[in-house]
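Have a look at the structure below, then the notes.
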Amino acid sequence: MSEVHVHRVKSAWKKNALIDDETYLKWYKDSVKDPEKFWKKHGKRIDWFKPYTKVKNTSFNGKVSIKWFEDGVTNVAYNCIDRHLKKRGNQTAIIWEGDNPYDDKKITYNELYEHVCRLANVMKSRGVKKGDRVTIYMPMIPEATYAMLACARIGAVHSVVFGGFSPDSLAGRIEDCQSDFVITADEGLRGGKKIPLKENTDKAVALAEKAGAKVRHVLVVQRTAGKIGWSEGRDLWYHEETAKAKPDCKPEKMKAEDPLFILYTSGSTGKPKGVLHTTGGYLVYASMTHEYVFDYHDGDVYWCTADVGWVTGHSYIVYGPLANGAITLMFEGVPNYPDASRFWQVVDKHNVNIFYTAPTAIRALMGAGDEFVSRASRKSLRILGSVGEPINPEAWEWYYKVVGDKKSPIVDTWWQTETGGILITPLPGATDLKAGSATRPFFGVQPQLVDGEGQVLEGATSGNLCITDSWPGQMRSVYGDHERFIQTYFSSYKGKYFTGDGCRRDEDGYYWITGRVDDVINVSGHRMGTAEVESALVSHDKVSEAAVVGYPHDVKGQGIYCYVTLMAGEEGSEDLKKELVAHVRSEIGPIASPDKIQFAPGLPKTRSGKIMRRILRKIAEDDYGALGDTSTLADPAVVEDLVENRQNKK
Ligand code: ATP
Ligand code: MG
């Protein structure tokens, strides 16, 4: 294995940090020794209309029941807006940066209050009641946030569907939760291209209605003023309706366990599940992790580049930051428009202090070349974050050195749609960093590694990652299918939440996510995480991204098949293949020697940017007729190229 780089906490990171190492160790110990006591205290970080007396009532056995702060009464929108108005009514809540670099605006907490109340009143007057499901299919514009908060304010349950999804995907999600109110825009704008959101919605509603759903209203935000179809009576203009509505709306009294939202998982592994999150515990956990993981101080400008269609957007663009009275930046565009310098231009323009993005973006920008980064000063940056996939050490170092000028700690945050918030992560002022490791558990989180039979593994080892006890942000059920919830997460290992991820724990107790357990390959009896081989490939100068899968191999059981995307300007050749094989052998060992290498101009990704190894496995097996559910694929053309150039043609 190549050497592990350790970056010790610098005194500059420690200075003013909310949590130092001593505090981390003490709080962590307290949090697992007496979770009741720990969360009783920290549950008070949000405002309650009626304080809770019960803190934790959870069981991972039998029917599985998870309740936090259950007799408390609160409202999420109240916590994200109203309670800040006295102190920071005129402070910016949202900085919006449009797709076009000349397009931006700032929304104060006072303005946020009015926008949300007006919309809440529109929904109420159009018959949306507490518990009703509202589908939000929007571009990254402030109205998407208003819509989420307006639902929370009146107790409606939102289901945000990423604006890049097809009419089919949208229809399936409308139907699954029987949502009868949809909020969308005429068109979205990303990278200079228009996305026909209203047209997609029209198609989706027709499909959903064929399957038995009934959509009463579609509320349409005018974003581009492009031409759209209109269904009289059903369709309503957002600007007309909100102009008529009253600017105040009393927040609904919500029990801690009343549903807040449903979010369908991205589908890297199969049919999307309606992950259900509730009110109190979720907000406590999202806001607490946002504050401590990003070391958020009053006045910091914080930017998470995710889309609100993903859980990262829910917890770390909207709910966590706004509950903390933060300034949160919302970006409509993409990293490479107008060019690959856009992120850093935005950082300079708005003096961003905390920047949180995904490995897929980091690798793509690394591939585009350093000059796009150095063109911007980035001097405001203090903390960098990563989420969504394992970050290869090579990409980590590039992010640290080139983007952060070695000044900013990187928080590599491991978590899932299901977990509601970050579970394993460094804390900037407390944790020594190792490139590629998500490091240590957050307060109250108890990770455990087990083998295939459920035997608990101790010390430095590799295994399947489970969490042994509940935390407040945990999902409560699969919407409408509690049995699937139990089956998916609690049936593999009795009494434990199984994450589906493989993981290594090193001698310092640091956790290294090695990818999904389904993706582990077994070569001549040696089990290997795909992340390890991918990182070895990416550490070669000419490689910008790699995806590794197993395929049936007569001798070894499984062979190693590598899809490799080269840096801009590099070309694939037989010689380069040999060089890459030698490189992996020297980085990991002969056991990891690639059997097949295919140069790929692009990799199949979910719309949230994750590599879909399920599809790559099928192509490697020369079984591309059975690709399965490809509805969440971002760019189907990529797959055609891969099939065309597959290395295992029979
Ligand atoms: P689906 O569950 O529908 O197949 P998904 O798992 O990609 O899709 P998410 O909940 O968005 O949907 O992603 C969670 C997964 O992403 C984790 O289980 C893990 O595999 C991966 N992941 C997230 N953050 C990290 C990280 N910091 N390091 C390594 N892997 C990560
Ligand atoms: Mg998952």
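Chains: A, B, ... in order of the structure tokens. Residues: from 1 per chain. Ligands: from 1, in order shown.
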
> Given a cut-off of 12 Å, what residues near ligand 2 show up using only C-alpha atoms and all ligand atoms, put as a VMD selection string?
Replying inline: chain A and resid 264 to 275 310 to 311 388 to 389 414 to 419 488 to 489 498 to 501 515 to 518 606 610 612

> What lies within 7 Å of Arg646 (chain A) using only C-alpha atoms, ignoring chain neighbours under 2 positions off, as a list in words?
Replying inline: Gln598, Ile619, Ala620, Leu642, Val643, Glu644, Asn648 and Lys649 of chain A

Restricted to C-alpha atoms, what would the selected residues look like written as a PDB file, in the first residue's frame?
ATOM      1  CA  GLN A 598     -10.945  -0.147 -20.779  1.00  0.00           C
ATOM      2  CA  ILE A 619     -20.899  -4.636 -19.252  1.00  0.00           C
ATOM      3  CA  ALA A 620     -17.772  -6.338 -17.876  1.00  0.00           C
ATOM      4  CA  LEU A 642     -18.821   1.520 -22.962  1.00  0.00           C
ATOM      5  CA  VAL A 643     -20.781  -1.367 -24.464  1.00  0.00           C
ATOM      6  CA  GLU A 644     -19.267  -0.674 -27.877  1.00  0.00           C
ATOM      7  CA  ASN A 648     -14.860  -9.050 -22.749  1.00  0.00           C
ATOM      8  CA  LYS A 649     -16.743  -9.504 -26.025  1.00  0.00           C
TER       9      LYS A 649
END

> Residues at most 12 Å from Asp298 (chain A), counting only C-alpha atoms, excluding those fewer than 4 positions away in the same chain, as JSON, numbers by chain?
Replying inline: {"A": [18, 87, 88, 91, 92, 93, 291, 294, 302, 321, 322, 324, 325, 326, 327, 328, 353]}

>> Residues near region 530-547 of chain A, anyone? I mean within 6 Å using only C-alpha atoms, not counting same-chain ones fewer than 3 positions away, as JSON, numbers by chain.
In response: {"A": [367, 392, 394, 514, 515, 562, 563, 564, 565, 566, 567, 584]}

Fewer than 5 positions away in the same chain doesn't count, so skip those; otherwise give me all residues within 8 Å of Cys151 (chain A), counting only C-alpha atoms, as a tab-separated table (two decimals) with C-alpha atoms, in the first residue's frame.
chain	number	residue	atom	x	y	z
A	120	ALA	CA	-47.74	28.41	3.03
A	134	VAL	CA	-46.30	17.71	-1.73
A	156	ALA	CA	-47.25	18.94	4.84
A	157	VAL	CA	-44.69	16.27	3.97
A	158	HIS	CA	-42.46	17.20	1.07

>> Would you pick out the contacts of Cys117 (chain A) at 9 Å or less, using only C-alpha atoms, so that residues sharing its chain but fewer than 2 positions from it are not included, and give the list as number ranges by chain?
In response: A: 112-115, 119-122, 146, 149-150, 153, 245-251

>> Just want the 8 Å neighbourhood of region 549-555 of chain A, counted on only C-alpha atoms, with same-chain residues fewer than 4 positions away dropped. Output as JSON, numbers by chain.
In response: {"A": [519, 521, 522, 524, 530, 559, 560, 561, 562, 613, 616, 617, 620, 621]}

Output of the above residues as a PDB file, in the first residue's frame, restricted to N, CA, C and O atoms:
ATOM      1  N   ASP A 519     -20.104  -4.382  -3.873  1.00  0.00           N
ATOM      2  CA  ASP A 519     -19.069  -4.100  -4.860  1.00  0.00           C
ATOM      3  C   ASP A 519     -17.731  -4.745  -4.526  1.00  0.00           C
ATOM      4  O   ASP A 519     -16.770  -4.603  -5.276  1.00  0.00           O
ATOM      5  N   ILE A 521     -14.807  -7.234  -4.422  1.00  0.00           N
ATOM      6  CA  ILE A 521     -14.436  -8.295  -5.357  1.00  0.00           C
ATOM      7  C   ILE A 521     -13.558  -9.318  -4.648  1.00  0.00           C
ATOM      8  O   ILE A 521     -12.845  -9.000  -3.708  1.00  0.00           O
ATOM      9  N   ASN A 522     -13.681 -10.543  -5.120  1.00  0.00           N
ATOM     10  CA  ASN A 522     -12.983 -11.648  -4.477  1.00  0.00           C
ATOM     11  C   ASN A 522     -12.051 -12.293  -5.505  1.00  0.00           C
ATOM     12  O   ASN A 522     -12.487 -13.026  -6.384  1.00  0.00           O
ATOM     13  N   SER A 524      -9.071 -14.767  -6.237  1.00  0.00           N
ATOM     14  CA  SER A 524      -8.343 -15.919  -5.682  1.00  0.00           C
ATOM     15  C   SER A 524      -8.463 -15.968  -4.158  1.00  0.00           C
ATOM     16  O   SER A 524      -7.487 -16.160  -3.436  1.00  0.00           O
ATOM     17  N   THR A 530     -13.470  -2.087  -3.971  1.00  0.00           N
ATOM     18  CA  THR A 530     -13.181  -1.468  -5.269  1.00  0.00           C
ATOM     19  C   THR A 530     -12.480  -0.125  -5.089  1.00  0.00           C
ATOM     20  O   THR A 530     -11.678   0.282  -5.922  1.00  0.00           O
ATOM     21  N   GLY A 559     -12.134 -11.716 -11.819  1.00  0.00           N
ATOM     22  CA  GLY A 559     -11.058 -10.923 -12.382  1.00  0.00           C
ATOM     23  C   GLY A 559     -11.335  -9.453 -12.120  1.00  0.00           C
ATOM     24  O   GLY A 559     -12.453  -9.075 -11.764  1.00  0.00           O
ATOM     25  N   ILE A 560     -10.307  -8.623 -12.272  1.00  0.00           N
ATOM     26  CA  ILE A 560     -10.445  -7.186 -11.999  1.00  0.00           C
ATOM     27  C   ILE A 560     -10.555  -6.418 -13.322  1.00  0.00           C
ATOM     28  O   ILE A 560      -9.655  -6.466 -14.151  1.00  0.00           O
ATOM     29  N   TYR A 561     -11.679  -5.765 -13.480  1.00  0.00           N
ATOM     30  CA  TYR A 561     -11.960  -5.032 -14.714  1.00  0.00           C
ATOM     31  C   TYR A 561     -11.973  -3.544 -14.373  1.00  0.00           C
ATOM     32  O   TYR A 561     -12.707  -3.124 -13.485  1.00  0.00           O
ATOM     33  N   CYS A 562     -11.135  -2.782 -15.068  1.00  0.00           N
ATOM     34  CA  CYS A 562     -10.998  -1.360 -14.727  1.00  0.00           C
ATOM     35  C   CYS A 562     -11.445  -0.460 -15.871  1.00  0.00           C
ATOM     36  O   CYS A 562     -10.978  -0.614 -16.999  1.00  0.00           O
ATOM     37  N   ARG A 613     -21.729   1.196 -10.477  1.00  0.00           N
ATOM     38  CA  ARG A 613     -20.938  -0.020 -10.719  1.00  0.00           C
ATOM     39  C   ARG A 613     -21.808  -1.191 -11.151  1.00  0.00           C
ATOM     40  O   ARG A 613     -21.357  -2.099 -11.836  1.00  0.00           O
ATOM     41  N   LEU A 616     -21.682  -1.153 -14.751  1.00  0.00           N
ATOM     42  CA  LEU A 616     -20.342  -1.496 -15.223  1.00  0.00           C
ATOM     43  C   LEU A 616     -20.069  -2.997 -15.069  1.00  0.00           C
ATOM     44  O   LEU A 616     -19.381  -3.601 -15.885  1.00  0.00           O
ATOM     45  N   ARG A 617     -20.653  -3.582 -14.011  1.00  0.00           N
ATOM     46  CA  ARG A 617     -20.485  -5.019 -13.799  1.00  0.00           C
ATOM     47  C   ARG A 617     -21.107  -5.802 -14.947  1.00  0.00           C
ATOM     48  O   ARG A 617     -20.531  -6.744 -15.466  1.00  0.00           O
ATOM     49  N   ALA A 620     -18.991  -5.531 -18.031  1.00  0.00           N
ATOM     50  CA  ALA A 620     -17.772  -6.338 -17.876  1.00  0.00           C
ATOM     51  C   ALA A 620     -18.079  -7.824 -18.044  1.00  0.00           C
ATOM     52  O   ALA A 620     -17.244  -8.600 -18.493  1.00  0.00           O
ATOM     53  N   GLU A 621     -19.320  -8.206 -17.658  1.00  0.00           N
ATOM     54  CA  GLU A 621     -19.710  -9.611 -17.804  1.00  0.00           C
ATOM     55  C   GLU A 621     -20.214  -9.912 -19.205  1.00  0.00           C
ATOM     56  O   GLU A 621     -20.673 -11.009 -19.484  1.00  0.00           O
TER      57      GLU A 621
END

> What does the distance between atom 5 (P, counted along the ligand's line) of ligand 1 and CA of Ser608 (chain A) come to in Å, to one decimal place?
Replying inline: 8.9 Å

> Hey, what does DSSP flag as helix (DSSP H, G or I) within region 344-469 of chain A? Can you give it to me as a PyMOL selection string?
Replying inline: chain A and resi 344-350+359-368+371-374+393-403+417-419

Print the selection's residues with N, CA and C atoms to a file, as an mmCIF file, in the first residue's frame.
data_model
loop_
_atom_site.group_PDB
_atom_site.id
_atom_site.type_symbol
_atom_site.label_atom_id
_atom_site.label_comp_id
_atom_site.auth_asym_id
_atom_site.auth_seq_id
_atom_site.Cartn_x
_atom_site.Cartn_y
_atom_site.Cartn_z
ATOM 1 N N TRP A 344 -14.482 28.397 -8.101
ATOM 2 C CA TRP A 344 -13.516 29.261 -7.385
ATOM 3 C C TRP A 344 -13.837 30.734 -7.630
ATOM 4 N N GLN A 345 -14.444 31.018 -8.791
ATOM 5 C CA GLN A 345 -14.898 32.388 -9.044
ATOM 6 C C GLN A 345 -16.013 32.742 -8.070
ATOM 7 N N VAL A 346 -16.903 31.778 -7.838
ATOM 8 C CA VAL A 346 -18.015 32.019 -6.913
ATOM 9 C C VAL A 346 -17.487 32.172 -5.479
ATOM 10 N N VAL A 347 -16.492 31.384 -5.142
ATOM 11 C CA VAL A 347 -15.877 31.495 -3.809
ATOM 12 C C VAL A 347 -15.352 32.916 -3.609
ATOM 13 N N ASP A 348 -14.646 33.435 -4.602
ATOM 14 C CA ASP A 348 -14.100 34.799 -4.482
ATOM 15 C C ASP A 348 -15.206 35.848 -4.471
ATOM 16 N N LYS A 349 -16.177 35.672 -5.344
ATOM 17 C CA LYS A 349 -17.241 36.668 -5.482
ATOM 18 C C LYS A 349 -18.012 36.853 -4.178
ATOM 19 N N HIS A 350 -18.315 35.744 -3.502
ATOM 20 C CA HIS A 350 -19.146 35.839 -2.291
ATOM 21 C C HIS A 350 -18.351 35.609 -1.004
ATOM 22 N N PRO A 359 -16.697 14.165 -4.381
ATOM 23 C CA PRO A 359 -15.509 13.670 -5.078
ATOM 24 C C PRO A 359 -15.645 13.703 -6.597
ATOM 25 N N THR A 360 -16.847 13.448 -7.110
ATOM 26 C CA THR A 360 -17.023 13.443 -8.566
ATOM 27 C C THR A 360 -16.639 14.799 -9.149
ATOM 28 N N ALA A 361 -17.011 15.886 -8.465
ATOM 29 C CA ALA A 361 -16.658 17.228 -8.928
ATOM 30 C C ALA A 361 -15.167 17.474 -8.746
ATOM 31 N N ILE A 362 -14.632 17.028 -7.617
ATOM 32 C CA ILE A 362 -13.205 17.249 -7.351
ATOM 33 C C ILE A 362 -12.358 16.546 -8.413
ATOM 34 N N ARG A 363 -12.715 15.292 -8.740
ATOM 35 C CA ARG A 363 -11.934 14.555 -9.734
ATOM 36 C C ARG A 363 -12.045 15.195 -11.109
ATOM 37 N N ALA A 364 -13.250 15.651 -11.454
ATOM 38 C CA ALA A 364 -13.426 16.274 -12.770
ATOM 39 C C ALA A 364 -12.597 17.553 -12.859
ATOM 40 N N LEU A 365 -12.589 18.349 -11.794
ATOM 41 C CA LEU A 365 -11.852 19.609 -11.831
ATOM 42 C C LEU A 365 -10.350 19.364 -11.784
ATOM 43 N N MET A 366 -9.945 18.315 -11.089
ATOM 44 C CA MET A 366 -8.536 17.928 -11.077
ATOM 45 C C MET A 366 -8.110 17.555 -12.498
ATOM 46 N N GLY A 367 -8.990 16.857 -13.210
ATOM 47 C CA GLY A 367 -8.703 16.447 -14.581
ATOM 48 C C GLY A 367 -8.593 17.629 -15.534
ATOM 49 N N ALA A 368 -9.275 18.722 -15.206
ATOM 50 C CA ALA A 368 -9.283 19.881 -16.108
ATOM 51 C C ALA A 368 -8.004 20.698 -15.995
ATOM 52 N N GLU A 371 -4.700 25.320 -13.531
ATOM 53 C CA GLU A 371 -4.768 26.758 -13.836
ATOM 54 C C GLU A 371 -6.170 27.334 -13.617
ATOM 55 N N PHE A 372 -7.184 26.478 -13.701
ATOM 56 C CA PHE A 372 -8.548 26.971 -13.444
ATOM 57 C C PHE A 372 -8.726 27.346 -11.969
ATOM 58 N N VAL A 373 -7.974 26.679 -11.117
ATOM 59 C CA VAL A 373 -8.066 26.963 -9.686
ATOM 60 C C VAL A 373 -7.253 28.206 -9.351
ATOM 61 N N SER A 374 -6.019 28.243 -9.847
ATOM 62 C CA SER A 374 -5.121 29.323 -9.429
ATOM 63 C C SER A 374 -5.547 30.685 -9.972
ATOM 64 N N PRO A 393 -7.291 9.146 -2.197
ATOM 65 C CA PRO A 393 -6.234 9.952 -1.579
ATOM 66 C C PRO A 393 -5.626 10.971 -2.543
ATOM 67 N N GLU A 394 -5.462 10.575 -3.806
ATOM 68 C CA GLU A 394 -4.885 11.486 -4.792
ATOM 69 C C GLU A 394 -5.747 12.742 -4.962
ATOM 70 N N ALA A 395 -7.045 12.528 -5.095
ATOM 71 C CA ALA A 395 -7.968 13.654 -5.240
ATOM 72 C C ALA A 395 -8.007 14.464 -3.943
ATOM 73 N N TRP A 396 -7.921 13.796 -2.819
ATOM 74 C CA TRP A 396 -7.889 14.467 -1.507
ATOM 75 C C TRP A 396 -6.706 15.429 -1.436
ATOM 76 N N GLU A 397 -5.525 14.920 -1.809
ATOM 77 C CA GLU A 397 -4.310 15.745 -1.744
ATOM 78 C C GLU A 397 -4.400 16.936 -2.686
ATOM 79 N N TRP A 398 -4.993 16.701 -3.844
ATOM 80 C CA TRP A 398 -5.146 17.801 -4.798
ATOM 81 C C TRP A 398 -6.065 18.873 -4.215
ATOM 82 N N TYR A 399 -7.158 18.437 -3.641
ATOM 83 C CA TYR A 399 -8.140 19.343 -3.013
ATOM 84 C C TYR A 399 -7.447 20.140 -1.896
ATOM 85 N N TYR A 400 -6.660 19.429 -1.105
ATOM 86 C CA TYR A 400 -5.982 20.042 0.036
ATOM 87 C C TYR A 400 -4.915 21.045 -0.414
ATOM 88 N N LYS A 401 -4.097 20.607 -1.384
ATOM 89 C CA LYS A 401 -2.954 21.445 -1.781
ATOM 90 C C LYS A 401 -3.344 22.519 -2.772
ATOM 91 N N VAL A 402 -4.018 22.123 -3.855
ATOM 92 C CA VAL A 402 -4.269 23.069 -4.943
ATOM 93 C C VAL A 402 -5.447 23.981 -4.613
ATOM 94 N N VAL A 403 -6.550 23.411 -4.177
ATOM 95 C CA VAL A 403 -7.716 24.247 -3.859
ATOM 96 C C VAL A 403 -7.511 24.972 -2.522
ATOM 97 N N THR A 417 -28.561 8.927 2.835
ATOM 98 C CA THR A 417 -29.923 9.470 2.868
ATOM 99 C C THR A 417 -30.618 8.977 4.132
ATOM 100 N N GLU A 418 -30.366 7.714 4.436
ATOM 101 C CA GLU A 418 -31.013 7.056 5.563
ATOM 102 C C GLU A 418 -30.596 7.628 6.908
ATOM 103 N N THR A 419 -29.390 8.182 6.988
ATOM 104 C CA THR A 419 -28.881 8.603 8.301
ATOM 105 C C THR A 419 -29.269 10.049 8.631
#

> Which residue out of A:Phe443, A:Tyr356, A:Phe599, A:Trp48 has the minimum interatomic distance to ligand 1 when only C-alpha atoms and all ligand atoms are used?
Replying inline: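 The answer is A:Tyr356, which sits nearest to ligand 1.
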
>> For a quick check of understanding, using only C-alpha atoms and all ligand atoms, which of A:Gly589, A:Lys618, A:Lys596, A:Ile391 has the smallest distance to ligand 1?
In response: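 Closest to ligand 1 of all the choices is A:Ile391.
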
>> Using only C-alpha atoms, can you tell me which of A:Asn200, A:Ser477, A:Gln448, A:Thr279 comes closest to Glu70 (chain A)?
In response: A:Thr279

>> Residues of region 350-542 of chain A classed as strand (DSSP E) by DSSP on the backbone are to be reported as a PyMOL selection string.
In response: chain A and resi 354-357+383-386+410-412+433-434+447-450+456-457+461-467+477-478+497-505+511-516+521-523+526-528

> So, counting only C-alpha atoms, which residue among A:Gly309, A:Gly529, A:Pro335, A:Gly463 is closest to Pro390 (chain A)?
Replying inline: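 Smallest separation from Pro390 (chain A) among the options: A:Gly529.
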
>> Let me make sure I understand: among A:Pro441, A:Gly480, A:Gly131, A:Gly229, which one has the smallest atom-to-atom distance to ligand 1 if we use only C-alpha atoms and all ligand atoms?
In response: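 Using only C-alpha atoms and all ligand atoms, ligand 1 sits closest to A:Pro441.
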
> Closest to Cys503 (chain A) among A:Gln446, A:Asp481, A:Ile95, A:Ser437, using only C-alpha atoms?
Replying inline: A:Ser437

> CA of Gly299 (chain A) and CA of Gly313 (chain A), how far apart in Å?
Replying inline: 20.2 Å
